[in-house]
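Participant: One structure, pasted below without further comment.
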Amino acid sequence: MEYVLARTGVTFQYSSEITCISYQSRTIEVDGKNYSFRQMNKMIWANMLGIEQRDNIAIATPERAFLDMVYLSGGQCYFDNLHPLNHGLIRQILPVYNSPILIKRVEALLNGH
């Protein structure tokens, strides 16, 4: 999530840790890099809406990474610049989470509240 959001200019803080969505939470180190696995409901992480396949790797679109971040943080997150995000695509992906609270949080963020 952090990598995708930083790469697209949504967040400006760099993190060398790679965040992955999984069925369990844990952090592992491989070749000097930290991989943080964040647990998410299987119905959400198994849904491929907003996930692209690149070079045999599944990677979130910026919109999906944004939604995952808001979902996992309980709304306790900060974004420097939401302009690169496609708000229509965010609203298309949002039903995957099946969460009225998330909808309110996302709408507040997109509307600048």
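Letters A, B, ... go to the chains of the structure tokens in the order shown; residues in each chain start at 1; ligands are counted from 1 in the same order.
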Excluding segment 90-102 of chain A and any residue of its chain fewer than 3 positions from it, enumerate the residues within 7 Å of it, using only C-alpha atoms, and give them as a list in words.
Facilitator: Ile44, Leu49, Gly50, Glu63, Tyr71, Asn86, His87, Arg105 and Val106 of chain A
Participant: The selected residues should be written to file as a compact mmCIF listing (two decimals), in the first residue's frame (atoms: N, CA and C atoms).
Facilitator:
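Contents of selection_14.txt, as written:
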# COMPACT_ATOMS: atom_id res chain seq x y z
N ILE A 44 -12.52 -9.59 1.09
CA ILE A 44 -11.95 -8.35 0.54
C ILE A 44 -10.65 -8.64 -0.18
N LEU A 49 -10.81 -6.72 -7.77
CA LEU A 49 -11.19 -5.40 -8.27
C LEU A 49 -10.17 -4.37 -7.75
N GLY A 50 -9.52 -3.67 -8.66
CA GLY A 50 -8.50 -2.70 -8.27
C GLY A 50 -7.12 -3.30 -8.09
N GLU A 63 -5.96 3.59 -6.25
CA GLU A 63 -7.29 3.69 -5.65
C GLU A 63 -7.55 2.55 -4.67
N TYR A 71 -9.25 1.47 5.23
CA TYR A 71 -9.92 0.33 5.88
C TYR A 71 -9.08 -0.22 7.04
N ASN A 86 -8.37 8.53 -8.94
CA ASN A 86 -9.59 8.57 -9.72
C ASN A 86 -10.76 8.31 -8.77
N HIS A 87 -11.50 9.36 -8.43
CA HIS A 87 -12.58 9.24 -7.46
C HIS A 87 -13.68 8.31 -7.94
N ARG A 105 -16.10 7.50 5.80
CA ARG A 105 -14.72 7.97 5.95
C ARG A 105 -14.12 8.37 4.60
N VAL A 106 -14.36 7.55 3.59
CA VAL A 106 -13.81 7.83 2.26
C VAL A 106 -14.44 9.08 1.68
Participant: Just the residues within 12 Å of Ile28 of chain A, please, counting only C-alpha atoms, with nothing from its chain fewer than 4 positions along; format it as a tab-separated table (two decimals) with N, CA, C and O atoms, in the first residue's frame.
Facilitator:
chain	number	residue	atom	x	y	z
A	17	GLU	N	9.57	-0.51	3.68
A	17	GLU	CA	8.81	-1.73	3.98
A	17	GLU	C	7.75	-1.96	2.90
A	17	GLU	O	7.08	-1.03	2.47
A	18	ILE	N	7.62	-3.19	2.48
A	18	ILE	CA	6.60	-3.57	1.50
A	18	ILE	C	5.41	-4.14	2.28
A	18	ILE	O	5.56	-5.05	3.08
A	19	THR	N	4.24	-3.56	2.04
A	19	THR	CA	3.03	-4.03	2.73
A	19	THR	C	2.23	-4.93	1.80
A	19	THR	O	1.98	-4.57	0.65
A	20	CYS	N	1.85	-6.06	2.30
A	20	CYS	CA	1.06	-7.02	1.55
A	20	CYS	C	-0.23	-7.32	2.32
A	20	CYS	O	-0.23	-7.33	3.55
A	32	GLY	N	17.21	-8.59	3.23
A	32	GLY	CA	17.36	-7.26	3.81
A	32	GLY	C	16.16	-6.34	3.68
A	32	GLY	O	16.23	-5.18	4.07
A	33	LYS	N	15.06	-6.84	3.12
A	33	LYS	CA	13.84	-6.03	2.99
A	33	LYS	C	12.77	-6.57	3.91
A	33	LYS	O	12.60	-7.78	4.03
A	34	ASN	N	12.04	-5.66	4.55
A	34	ASN	CA	10.93	-6.06	5.42
A	34	ASN	C	9.64	-6.12	4.61
A	34	ASN	O	9.33	-5.20	3.87
A	35	TYR	N	8.93	-7.21	4.80
A	35	TYR	CA	7.62	-7.40	4.20
A	35	TYR	C	6.61	-7.51	5.33
A	35	TYR	O	6.71	-8.40	6.16
A	36	SER	N	5.68	-6.57	5.35
A	36	SER	CA	4.66	-6.55	6.39
A	36	SER	C	3.36	-7.08	5.79
A	36	SER	O	2.83	-6.52	4.84
A	37	PHE	N	2.87	-8.17	6.34
A	37	PHE	CA	1.61	-8.76	5.90
A	37	PHE	C	0.52	-8.28	6.84
A	37	PHE	O	0.63	-8.45	8.05
A	38	ARG	N	-0.51	-7.66	6.29
A	38	ARG	CA	-1.61	-7.11	7.06
A	38	ARG	C	-2.85	-7.97	6.83
A	38	ARG	O	-3.23	-8.23	5.68
Participant: Can you pull out every residue from chain A that DSSP, working from the backbone, puts in helix (DSSP H, G or I), and format the result as a PyMOL selection string?
Facilitator: chain A and resi 2-7+42-45+62-73+87-97+100-110
Participant: Expressed in Å to a single decimal, how great is the separation between atom CA of Gly88 of chain A and atom CA of Ile57 of chain A?
Facilitator: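 Atom CA of Ile57 of chain A lies 24.8 Å from atom CA of Gly88 of chain A.
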Participant: Would you list, as number ranges by chain, the residues of chain A that end up in strand (DSSP E or B) under DSSP run on this structure's backbone?
Facilitator: A: 18-22, 26-30, 33-39, 51-54, 57-60
Participant: Take the residues that were just selected and, keeping C-alpha atoms, output them as a compact mmCIF listing (two decimals), in the first residue's frame.
Facilitator:
# COMPACT_ATOMS: atom_id res chain seq x y z
CA ILE A 18 6.60 -3.57 1.50
CA THR A 19 3.03 -4.03 2.73
CA CYS A 20 1.06 -7.02 1.55
CA ILE A 21 -2.54 -7.96 2.22
CA SER A 22 -2.97 -11.47 3.55
CA ARG A 26 3.18 -10.79 10.39
CA THR A 27 6.44 -9.23 9.27
CA ILE A 28 9.30 -11.11 7.64
CA GLU A 29 12.69 -10.08 6.29
CA VAL A 30 13.90 -11.35 2.92
CA LYS A 33 13.84 -6.03 2.99
CA ASN A 34 10.93 -6.06 5.42
CA TYR A 35 7.62 -7.40 4.20
CA SER A 36 4.66 -6.55 6.39
CA PHE A 37 1.61 -8.76 5.90
CA ARG A 38 -1.61 -7.11 7.06
CA GLN A 39 -4.63 -9.28 7.82
CA ILE A 51 -5.65 -5.22 -8.45
CA GLU A 52 -3.38 -5.40 -11.50
CA GLN A 53 -1.11 -8.25 -12.60
CA ARG A 54 2.39 -7.02 -13.50
CA ILE A 57 2.99 -9.83 -9.23
CA ALA A 58 -0.45 -8.68 -8.12
CA ILE A 59 -0.26 -4.99 -7.21
CA ALA A 60 -2.98 -2.62 -6.11
Participant: I'd like to know which of A:Ala65, A:Ala46, A:Met40, A:Leu109 is closest to Asp80 of chain A, using only C-alpha atoms.
Facilitator: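 The closest residue to Asp80 of chain A is A:Leu109.
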Participant: Between A:Leu85, A:Gln13, A:Asn47, A:Tyr78, which one has atoms that come closest to Thr61 of chain A, using only C-alpha atoms?
Facilitator: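 For Thr61 of chain A, the nearest of the given residues is A:Leu85.
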Participant: So how many Å separate atom CA of His83 of chain A and atom CA of Ile103 of chain A, to one decimal?
Facilitator: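 These atoms are spaced 18.5 Å apart.
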Participant: Hey, which of A:Gln76, A:Pro84, A:Asn111, A:Met48 ends up closest to Pro62 of chain A? Count only C-alpha atoms.
Facilitator: A:Pro84
Participant: Tell me, in Å to one decimal, how far atom CA of Gly112 of chain A is from atom CA of Asn41 of chain A.
Facilitator: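 Here the two named atoms are 27.9 Å from each other.
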Participant: For Met69 of chain A, which residue among A:Met1, A:Met43, A:Leu110, A:Leu89 is the nearest when counting only C-alpha atoms?
Facilitator: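 The closest residue to Met69 of chain A is A:Met1.
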